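Novice: Input: one structure, supplied below.
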Amino acid sequence: MRKKTVIGAALMIGLGIGVLRGNKSVKVTHHEIKNEKIPSSISGYTIVHVSDYHNTLFGKNNKVLVDKIKENKPDLIAVTGDLIDSRTTDLDVAVLFMKEMRKIAPVYYVSGNHESRIPEYAALENRLKEIDIEVLNCRMTIPNEELDPIYIYGVQDPAFARRNSRESERDIMKNQLDSLPQYDHKYTILLSHRPELLDLYAEYSFDLVLSGHAHGGQIRLPLLGGILAPNQGFFPILTSGMHHMNDTAMIISRGIGNSAFPLRVNNPPELIVIKLFPET
């Protein structure tokens, strides 16, 4: 009996160590997108997608995470919300991370639901603008006039308006999307924290949507995937990877950090690298 107890304890300790290491080991996931709207002149254009950072540190000044981003030589970095954690807000950590990324490439940011909960959000947005971060809350921009075919859109997380409105989050999002200009012959990328609204994004025919929020389902089981995600409940579908609806592709990040539940299981932090190519 004693031997079995020792073996059981050793297995539990080993499992615990594995889980802790997994929470600090960033996995890089690569995706390729081919589309006839992407010109050959920018073939291989690289986007690094970061989501749900939640004030998490990976080495001093986030050197581990920043170095992984730098290794992939992005032309553009997209940050899709929950840069901070509303329970342990640290604007300095968040801004420093964004500042280090801005040294690598232009950074485009939209808010998440955690930003909607903090009284310091206006200060955060101002500090991001001061370090030349493009805040795309209900805006459209062209990253580079030479890249005219690529238009970047961003929407503010609907939780901001939900506090003072009886409208559903879906209706709030629809109002934002209605206000954005549409370009049929351009390659359009939407940054939105919420993946569960994929069918709505598809109605507006965005070519590519980048989202997060679901944390990969937090605990992932083989064959079944994520266990639980906000706004999707148990055994959600839209937690990670690439999904398609009509002509719209969505790539969902499992995120970098954690929030209320402090651990990931079989679900390492994820950095996404996307390369764009013309359809041949």
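Residue names in the structure tokens use chain letters A, B, ... in the order shown, residue numbers from 1 in each chain, and ligand numbers from 1 in the order shown.
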Mind listing the strand (DSSP E) residues of segment 35-278 of chain A, per DSSP on the backbone, as a VMD selection string?

Specialist: chain A and resid 35 45 to 50 76 to 80 107 to 110 134 to 135 139 to 141 150 to 154 187 to 191 208 to 211 220 to 221 225 to 226 228 to 229 233 to 234 241 to 245 248 to 252 270 to 278

Novice: To test your reading of the structure, identify every residue in segment 19-245 of chain A that backbone DSSP assigns to alpha helix (DSSP H), and report it as a PyMOL selection string.

Specialist: chain A and resi 19-22+63-71+91-102+121-130+159-162+169-179+198-203

Novice: Mind running segment 62-160 of chain A against segment 177-185 of chain A at 9 Å and telling me each contacting residue's nearest atom pair with the distance in Å (one decimal), counting only C-alpha atoms, chain and number ascending, as a tab-separated table?

Specialist:
```
residue	atom	partner	partner_atom	distance
A:Cys138	CA	A:Leu180	CA	7.1
A:Arg139	CA	A:Leu180	CA	6.8
A:Met140	CA	A:Leu180	CA	7.0
A:Pro149	CA	A:His185	CA	7.8
A:Tyr151	CA	A:Tyr183	CA	8.5
A:Tyr153	CA	A:Leu180	CA	8.0
A:Val155	CA	A:Leu177	CA	7.6
```

Novice: How would the residues just chosen look if you wrote them out with C-alpha atoms as a PDB file, in the first residue's frame?

Specialist:
```
ATOM      1  CA  CYS A 138     -14.486  50.651 -34.381  1.00  0.00           C
ATOM      2  CA  ARG A 139     -12.067  51.893 -37.025  1.00  0.00           C
ATOM      3  CA  MET A 140     -10.515  50.870 -40.324  1.00  0.00           C
ATOM      4  CA  PRO A 149      -5.227  45.544 -51.012  1.00  0.00           C
ATOM      5  CA  TYR A 151      -7.505  46.770 -45.045  1.00  0.00           C
ATOM      6  CA  TYR A 153     -10.675  46.685 -39.266  1.00  0.00           C
ATOM      7  CA  VAL A 155     -14.137  46.591 -33.152  1.00  0.00           C
TER       8      VAL A 155
END
```

Novice: Taking only residues of segment 95-166 of chain A that have an atom at most 9 Å from an atom of segment 194-213 of chain A, what is each one's shortest atom pair and its distance in Å to one decimal, using only C-alpha atoms, in chain and number order, as CSV?

Specialist:
```
residue,atom,partner,partner_atom,distance
A:Gly112,CA,A:His213,CA,7.6
A:Asn113,CA,A:His213,CA,8.3
A:Asp157,CA,A:Arg194,CA,7.5
A:Pro158,CA,A:Arg194,CA,8.8
```

Novice: What separation in Å, quoted to one decimal, exists between atom CA of Ile33 of chain A and atom CA of His244 of chain A?

Specialist: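 Distance reported for this atom pair: 11.9 Å.
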